[in-house]
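For reference, run-v4.pdb (PDB, C-alpha atoms):
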MODEL        1
ATOM      1  CA  MET K   1       0.000   0.000   0.000
ATOM      2  CA  TRP K   2       2.881   2.329   0.820
ATOM      3  CA  LEU K   3       4.319   1.773  -2.653
ATOM      4  CA  LEU K   4       0.998   2.714  -4.217
ATOM      5  CA  THR K   5       0.876   5.919  -2.171
ATOM      6  CA  VAL K   6       4.411   6.938  -3.112
ATOM      7  CA  SER K   7       3.897   6.129  -6.785
ATOM      8  CA  THR K   8       0.663   8.137  -6.789
ATOM      9  CA  LEU K   9       2.423  11.169  -5.344
ATOM     10  CA  LEU K  10       5.289  10.881  -7.833
ATOM     11  CA  LEU K  11       2.834  10.550 -10.689
ATOM     12  CA  PHE K  12       1.070  13.669  -9.453
ATOM     13  CA  LEU K  13       4.323  15.632  -9.253
ATOM     14  CA  PHE K  14       5.463  14.675 -12.731
ATOM     15  CA  SER K  15       2.059  15.071 -14.374
ATOM     16  CA  SER K  16       1.530  18.487 -12.809
ATOM     17  CA  GLY K  17       4.840  19.865 -14.040
ATOM     18  CA  LEU K  18       6.427  20.109 -10.599
ATOM     19  CA  ALA K  19       9.423  18.020 -11.600
ATOM     20  CA  LEU K  20      12.631  19.644 -10.452
ATOM     21  CA  GLN K  21      14.772  18.908 -13.522
ATOM     22  CA  ILE K  22      14.311  19.566 -17.219
ATOM     23  CA  GLN K  23      16.105  18.080 -20.215
ATOM     24  CA  CYS K  24      17.221  20.232 -23.146
ATOM     25  CA  TYR K  25      19.272  19.911 -26.289
ATOM     26  CA  GLN K  26      22.743  21.410 -25.938
ATOM     27  CA  CYS K  27      25.234  22.324 -28.683
ATOM     28  CA  GLU K  28      27.532  25.195 -29.702
ATOM     29  CA  GLU K  29      27.667  26.800 -33.142
ATOM     30  CA  MET K  30      26.367  23.797 -35.076
ATOM     31  CA  THR K  31      25.543  24.223 -38.759
ATOM     32  CA  HIS K  32      22.781  21.650 -38.429
ATOM     33  CA  ASP K  33      19.873  21.539 -35.997
ATOM     34  CA  CYS K  34      21.358  19.463 -33.163
ATOM     35  CA  SER K  35      18.073  17.885 -32.088
ATOM     36  CA  THR K  36      19.224  14.291 -31.800
ATOM     37  CA  PRO K  37      19.589  12.071 -28.708
ATOM     38  CA  GLU K  38      23.360  12.548 -28.342
ATOM     39  CA  PHE K  39      22.796  16.275 -27.662
ATOM     40  CA  ILE K  40      20.281  15.761 -24.796
ATOM     41  CA  VAL K  41      21.498  16.952 -21.382
ATOM     42  CA  ASN K  42      19.999  17.101 -17.902
ATOM     43  CA  CYS K  43      19.854  20.693 -16.716
ATOM     44  CA  THR K  44      20.990  21.752 -13.249
ATOM     45  CA  VAL K  45      18.249  21.015 -10.729
ATOM     46  CA  ASN K  46      16.426  24.092  -9.357
ATOM     47  CA  VAL K  47      18.733  26.464 -11.275
ATOM     48  CA  GLN K  48      18.299  25.895 -14.989
ATOM     49  CA  ASP K  49      14.555  25.683 -15.460
ATOM     50  CA  MET K  50      14.337  26.570 -19.169
ATOM     51  CA  CYS K  51      15.745  25.553 -22.523
ATOM     52  CA  GLN K  52      17.278  28.209 -24.761
ATOM     53  CA  LYS K  53      17.680  28.187 -28.523
ATOM     54  CA  GLU K  54      19.710  30.664 -30.562
ATOM     55  CA  VAL K  55      19.515  30.783 -34.329
ATOM     56  CA  LEU K  56      22.231  32.847 -36.014
ATOM     57  CA  VAL K  57      22.288  33.662 -39.728
ATOM     58  CA  LYS K  58      25.898  33.944 -40.933
ATOM     59  CA  ASP K  59      27.701  34.124 -44.272
ATOM     60  CA  ASP K  60      28.126  30.348 -44.372
ATOM     61  CA  GLY K  61      24.558  29.504 -43.352
ATOM     62  CA  ILE K  62      22.423  29.052 -40.252
ATOM     63  CA  HIS K  63      24.121  28.216 -36.960
ATOM     64  CA  TYR K  64      22.432  26.836 -33.836
ATOM     65  CA  ARG K  65      23.255  27.171 -30.150
ATOM     66  CA  LYS K  66      21.124  25.278 -27.695
ATOM     67  CA  SER K  67      21.444  25.017 -23.944
ATOM     68  CA  CYS K  68      19.870  24.897 -20.518
ATOM     69  CA  ALA K  69      19.239  28.297 -18.939
ATOM     70  CA  SER K  70      17.766  29.986 -15.922
ATOM     71  CA  SER K  71      14.436  31.621 -16.684
ATOM     72  CA  GLY K  72      15.628  35.116 -15.770
ATOM     73  CA  ALA K  73      18.760  35.035 -17.921
ATOM     74  CA  CYS K  74      16.980  33.463 -20.882
ATOM     75  CA  LEU K  75      14.068  35.880 -20.887
ATOM     76  CA  ILE K  76      16.391  38.892 -20.627
ATOM     77  CA  ALA K  77      18.565  37.604 -23.485
ATOM     78  CA  SER K  78      15.603  36.819 -25.726
ATOM     79  CA  SER K  79      14.005  40.223 -25.206
ATOM     80  CA  GLY K  80      17.343  42.003 -25.679
ATOM     81  CA  TYR K  81      17.959  40.337 -29.047
ATOM     82  CA  GLN K  82      14.395  40.642 -30.333
ATOM     83  CA  GLN K  83      15.293  43.639 -32.495
ATOM     84  CA  PHE K  84      18.057  41.587 -34.207
ATOM     85  CA  CYS K  85      15.753  38.682 -35.082
ATOM     86  CA  THR K  86      15.119  39.540 -38.726
ATOM     87  CA  GLY K  87      15.943  36.278 -40.523
ATOM     88  CA  LYS K  88      18.453  38.167 -42.688
ATOM     89  CA  LEU K  89      22.268  38.010 -42.635
ATOM     90  CA  ASN K  90      23.686  38.562 -39.116
ATOM     91  CA  SER K  91      20.261  37.901 -37.589
ATOM     92  CA  VAL K  92      20.193  36.510 -34.046
ATOM     93  CA  CYS K  93      17.015  34.983 -32.650
ATOM     94  CA  ILE K  94      16.872  33.704 -29.061
ATOM     95  CA  SER K  95      13.888  31.805 -27.720
ATOM     96  CA  CYS K  96      13.098  30.294 -24.323
ATOM     97  CA  CYS K  97      10.756  27.473 -23.342
ATOM     98  CA  ASN K  98      10.114  25.390 -20.234
ATOM     99  CA  THR K  99       9.060  21.899 -21.288
ATOM    100  CA  PRO K 100      11.422  18.958 -21.834
ATOM    101  CA  LEU K 101      13.346  19.112 -25.129
ATOM    102  CA  CYS K 102      11.345  22.133 -26.271
ATOM    103  CA  ASN K 103      14.422  23.732 -27.874
ATOM    104  CA  GLY K 104      14.357  21.027 -30.526
ATOM    105  CA  PRO K 105      12.671  21.204 -33.899
ATOM    106  CA  ARG K 106       9.259  22.795 -34.104
ATOM    107  CA  GLN K 107       6.422  20.366 -33.655
ATOM    108  CA  LYS K 108       4.136  20.011 -36.619
ATOM    109  CA  LYS K 109       0.778  21.530 -35.871
ATOM    110  CA  ARG K 110      -1.951  19.005 -35.393
ATOM    111  CA  PRO K 111      -5.038  19.419 -37.513
ATOM    112  CA  GLN K 112      -7.984  20.898 -35.678
ATOM    113  CA  PRO K 113     -10.384  18.218 -34.438
ATOM    114  CA  SER K 114     -13.725  18.018 -36.155
ATOM    115  CA  ALA K 115     -16.834  19.304 -34.408
ATOM    116  CA  ALA K 116     -18.051  15.721 -33.937
ATOM    117  CA  VAL K 117     -14.967  14.883 -31.851
ATOM    118  CA  THR K 118     -14.912  18.095 -29.825
ATOM    119  CA  LEU K 119     -17.190  17.423 -26.897
ATOM    120  CA  ASN K 120     -17.253  19.388 -23.696
ATOM    121  CA  THR K 121     -16.676  16.455 -21.386
ATOM    122  CA  PRO K 122     -14.925  17.146 -18.088
ATOM    123  CA  ARG K 123     -11.475  15.603 -17.824
ATOM    124  CA  LEU K 124     -10.159  14.225 -14.576
ATOM    125  CA  PRO K 125      -6.417  14.035 -13.951
ATOM    126  CA  VAL K 126      -4.695  10.723 -14.652
ATOM    127  CA  PHE K 127      -3.943  10.216 -10.980
ATOM    128  CA  PHE K 128      -7.570  10.654  -9.850
ATOM    129  CA  PRO K 129      -8.499   6.923  -9.840
ATOM    130  CA  LEU K 130      -5.365   6.127  -7.832
ATOM    131  CA  ILE K 131      -6.461   8.457  -5.030
ATOM    132  CA  LEU K 132      -9.428   6.214  -4.426
ATOM    133  CA  PHE K 133      -7.047   3.501  -3.269
ATOM    134  CA  LEU K 134      -5.303   5.641  -0.661
ATOM    135  CA  PRO K 135      -6.093   4.614   2.907
ATOM    136  CA  SER K 136      -8.400   6.990   4.693
ATOM    137  CA  SER K 137      -5.786   7.651   7.405
ATOM    138  CA  ILE K 138      -3.528   9.317   4.813
ATOM    139  CA  LEU K 139      -6.279  11.483   3.429
ATOM    140  CA  CYS K 140      -7.320  12.883   6.811
TER     141      CYS K 140
ENDMDL
END
Would you give me this structure, written as structure tokens?
Amino acid sequence: MWLLTVSTLLLFLFSSGLALQIQCYQCEEMTHDCSTPEFIVNCTVNVQDMCQKEVLVKDDGIHYRKSCASSGACLIASSGYQQFCTGKLNSVCISCCNTPLCNGPRQKKRPQPSAAVTLNTPRLPVFFPLILFLPSSILC
């Protein structure tokens, strides 16, 4: 029973986004988008809570820099370089995101669901059925 309780709490933490560590792609001045498994790193726990992506347009093509970052530093850098993000030669674009591996390639947009599929049914969290199995002494 104890194992079920602990696993339920861990599931809750990870499903709610309260995990303490994020994974990002990391590379320096690559001429190809380094979004492959060998470039995945674990960011520093409780310090680096975002992924950063820099896209630089140079004479010889597009260069990528990807890394872990603290939210404050990343957001300041991205806003400071916003005026230089033109897509033209010598352009520098910096973006920040806070989900695992989000500094990888852009996800293809999913097609909008049809009206027949879009129902307004309430959704319960994944961990909800597991709470029913918790002993009443823990819940009180």
Worksheet item: Applied to this file, what does the PyMOL selection byres ((chain K and resi 48) around 8) return in terms of residues, put as an NGL selection string?
Response: :K and (21-22 or 43-47 or 49-51 or 68-71)
Worksheet item: Please, what distance in Å, to one decimal, runs between atom CA of K:Cys27 and atom CA of K:Leu101?
Response: 12.8 Å
Fill in: Distance query K:Cys34 at most 10 Å, all atoms listed in the file, self and fewer than 3 positions along chain excluded, as a list of chain:residue names
K:Tyr25, K:Gln26, K:Cys27, K:Glu28, K:Glu29, K:Met30, K:Thr31, K:Pro37, K:Glu38, K:Phe39, K:Ile40, K:His63, K:Tyr64, K:Arg65, K:Lys66, K:Asn103, K:Gly104, K:Pro105
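When you apply the PyMOL selection byres ((chain K and resi 75-82) around 8) to this structure, what comes back is Ser71, Gly72, Ala73, Cys74, Gln83, Phe84, Cys85, Val92, Cys93, Ile94, Ser95 and Cys96 of chain K.
Among the candidates K:Gly87, K:Cys24, K:Cys102, K:Glu54, the residue lying nearest to K:Val41 is K:Cys24 (atoms considered: all atoms listed in the file).
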Practice prompt. Would you please work out which residue, of K:Lys53, K:Thr99, K:Ser91, K:Asp59, is nearest to K:Gln23 when using only C-alpha atoms?
Written response: K:Thr99
Item to complete: Using the chain letters and numbering of this document, enumerate as an NGL selection string the residues selected by the PyMOL selection byres ((chain K and resi 89) around 6).
Response: :K and (57-58 or 88 or 90-91)
Add whatever atoms are absent from stretch 40-51 of chain K to reach all heavy atoms, and provide the output as a PDB file, in the frame of the given file.
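Result went into out-v2.pdb, see below:
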ATOM      1  N   ILE K  40      21.187  15.562 -25.939  1.00  0.00           N
ATOM      2  CA  ILE K  40      20.281  15.761 -24.796  1.00  0.00           C
ATOM      3  C   ILE K  40      21.097  15.810 -23.503  1.00  0.00           C
ATOM      4  O   ILE K  40      21.945  14.959 -23.264  1.00  0.00           O
ATOM      5  CB  ILE K  40      19.223  14.646 -24.721  1.00  0.00           C
ATOM      6  CG1 ILE K  40      18.324  14.699 -25.955  1.00  0.00           C
ATOM      7  CG2 ILE K  40      18.401  14.777 -23.438  1.00  0.00           C
ATOM      8  CD1 ILE K  40      17.334  13.541 -26.056  1.00  0.00           C
ATOM      9  N   VAL K  41      20.829  16.822 -22.681  1.00  0.00           N
ATOM     10  CA  VAL K  41      21.498  16.952 -21.382  1.00  0.00           C
ATOM     11  C   VAL K  41      20.453  17.160 -20.290  1.00  0.00           C
ATOM     12  O   VAL K  41      19.345  17.629 -20.552  1.00  0.00           O
ATOM     13  CB  VAL K  41      22.502  18.133 -21.360  1.00  0.00           C
ATOM     14  CG1 VAL K  41      23.635  17.902 -22.338  1.00  0.00           C
ATOM     15  CG2 VAL K  41      21.816  19.449 -21.626  1.00  0.00           C
ATOM     16  N   ASN K  42      20.822  16.807 -19.068  1.00  0.00           N
ATOM     17  CA  ASN K  42      19.999  17.101 -17.902  1.00  0.00           C
ATOM     18  C   ASN K  42      20.453  18.452 -17.357  1.00  0.00           C
ATOM     19  O   ASN K  42      21.635  18.654 -17.080  1.00  0.00           O
ATOM     20  CB  ASN K  42      20.178  16.033 -16.822  1.00  0.00           C
ATOM     21  CG  ASN K  42      19.612  14.706 -17.243  1.00  0.00           C
ATOM     22  OD1 ASN K  42      18.550  14.636 -17.847  1.00  0.00           O
ATOM     23  ND2 ASN K  42      20.333  13.638 -16.951  1.00  0.00           N
ATOM     24  N   CYS K  43      19.524  19.363 -17.217  1.00  0.00           N
ATOM     25  CA  CYS K  43      19.854  20.693 -16.716  1.00  0.00           C
ATOM     26  C   CYS K  43      20.058  20.660 -15.209  1.00  0.00           C
ATOM     27  O   CYS K  43      19.605  19.737 -14.526  1.00  0.00           O
ATOM     28  CB  CYS K  43      18.735  21.673 -17.072  1.00  0.00           C
ATOM     29  SG  CYS K  43      18.472  21.788 -18.854  1.00  0.00           S
ATOM     30  N   THR K  44      20.719  21.671 -14.678  1.00  0.00           N
ATOM     31  CA  THR K  44      20.990  21.752 -13.249  1.00  0.00           C
ATOM     32  C   THR K  44      19.682  21.914 -12.475  1.00  0.00           C
ATOM     33  O   THR K  44      18.895  22.820 -12.754  1.00  0.00           O
ATOM     34  CB  THR K  44      21.919  22.948 -12.948  1.00  0.00           C
ATOM     35  OG1 THR K  44      23.093  22.828 -13.750  1.00  0.00           O
ATOM     36  CG2 THR K  44      22.298  22.992 -11.481  1.00  0.00           C
ATOM     37  N   VAL K  45      19.486  21.040 -11.516  1.00  0.00           N
ATOM     38  CA  VAL K  45      18.249  21.015 -10.729  1.00  0.00           C
ATOM     39  C   VAL K  45      18.053  22.343  -9.997  1.00  0.00           C
ATOM     40  O   VAL K  45      18.985  22.877  -9.400  1.00  0.00           O
ATOM     41  CB  VAL K  45      18.285  19.857  -9.709  1.00  0.00           C
ATOM     42  CG1 VAL K  45      17.041  19.855  -8.833  1.00  0.00           C
ATOM     43  CG2 VAL K  45      18.423  18.529 -10.424  1.00  0.00           C
ATOM     44  N   ASN K  46      16.846  22.868 -10.056  1.00  0.00           N
ATOM     45  CA  ASN K  46      16.426  24.092  -9.357  1.00  0.00           C
ATOM     46  C   ASN K  46      17.191  25.355  -9.770  1.00  0.00           C
ATOM     47  O   ASN K  46      17.063  26.377  -9.121  1.00  0.00           O
ATOM     48  CB  ASN K  46      16.527  23.928  -7.841  1.00  0.00           C
ATOM     49  CG  ASN K  46      15.498  22.961  -7.314  1.00  0.00           C
ATOM     50  OD1 ASN K  46      14.424  22.808  -7.874  1.00  0.00           O
ATOM     51  ND2 ASN K  46      15.830  22.275  -6.234  1.00  0.00           N
ATOM     52  N   VAL K  47      18.007  25.283 -10.807  1.00  0.00           N
ATOM     53  CA  VAL K  47      18.733  26.464 -11.275  1.00  0.00           C
ATOM     54  C   VAL K  47      18.377  26.741 -12.729  1.00  0.00           C
ATOM     55  O   VAL K  47      17.914  27.823 -13.069  1.00  0.00           O
ATOM     56  CB  VAL K  47      20.268  26.282 -11.132  1.00  0.00           C
ATOM     57  CG1 VAL K  47      21.017  27.469 -11.721  1.00  0.00           C
ATOM     58  CG2 VAL K  47      20.636  26.073  -9.678  1.00  0.00           C
ATOM     59  N   GLN K  48      18.593  25.755 -13.567  1.00  0.00           N
ATOM     60  CA  GLN K  48      18.299  25.895 -14.989  1.00  0.00           C
ATOM     61  C   GLN K  48      16.924  25.287 -15.251  1.00  0.00           C
ATOM     62  O   GLN K  48      16.774  24.083 -15.346  1.00  0.00           O
ATOM     63  CB  GLN K  48      19.370  25.190 -15.827  1.00  0.00           C
ATOM     64  CG  GLN K  48      20.741  25.820 -15.655  1.00  0.00           C
ATOM     65  CD  GLN K  48      21.813  25.025 -16.345  1.00  0.00           C
ATOM     66  OE1 GLN K  48      21.853  23.810 -16.258  1.00  0.00           O
ATOM     67  NE2 GLN K  48      22.702  25.718 -17.033  1.00  0.00           N
ATOM     68  N   ASP K  49      15.936  26.138 -15.346  1.00  0.00           N
ATOM     69  CA  ASP K  49      14.555  25.683 -15.460  1.00  0.00           C
ATOM     70  C   ASP K  49      13.963  25.920 -16.843  1.00  0.00           C
ATOM     71  O   ASP K  49      12.770  25.763 -17.052  1.00  0.00           O
ATOM     72  CB  ASP K  49      13.686  26.346 -14.402  1.00  0.00           C
ATOM     73  CG  ASP K  49      13.784  27.862 -14.409  1.00  0.00           C
ATOM     74  OD1 ASP K  49      14.654  28.410 -15.123  1.00  0.00           O
ATOM     75  OD2 ASP K  49      12.994  28.505 -13.708  1.00  0.00           O
ATOM     76  N   MET K  50      14.803  26.321 -17.807  1.00  0.00           N
ATOM     77  CA  MET K  50      14.337  26.570 -19.169  1.00  0.00           C
ATOM     78  C   MET K  50      15.352  26.035 -20.170  1.00  0.00           C
ATOM     79  O   MET K  50      16.513  25.816 -19.839  1.00  0.00           O
ATOM     80  CB  MET K  50      14.146  28.064 -19.426  1.00  0.00           C
ATOM     81  CG  MET K  50      13.059  28.702 -18.603  1.00  0.00           C
ATOM     82  SD  MET K  50      12.661  30.345 -19.208  1.00  0.00           S
ATOM     83  CE  MET K  50      11.103  29.996 -19.967  1.00  0.00           C
ATOM     84  N   CYS K  51      14.870  25.877 -21.399  1.00  0.00           N
ATOM     85  CA  CYS K  51      15.745  25.553 -22.523  1.00  0.00           C
ATOM     86  C   CYS K  51      15.854  26.815 -23.375  1.00  0.00           C
ATOM     87  O   CYS K  51      14.892  27.560 -23.514  1.00  0.00           O
ATOM     88  CB  CYS K  51      15.152  24.430 -23.377  1.00  0.00           C
ATOM     89  SG  CYS K  51      14.954  22.855 -22.512  1.00  0.00           S
TER      90      CYS K  51
END
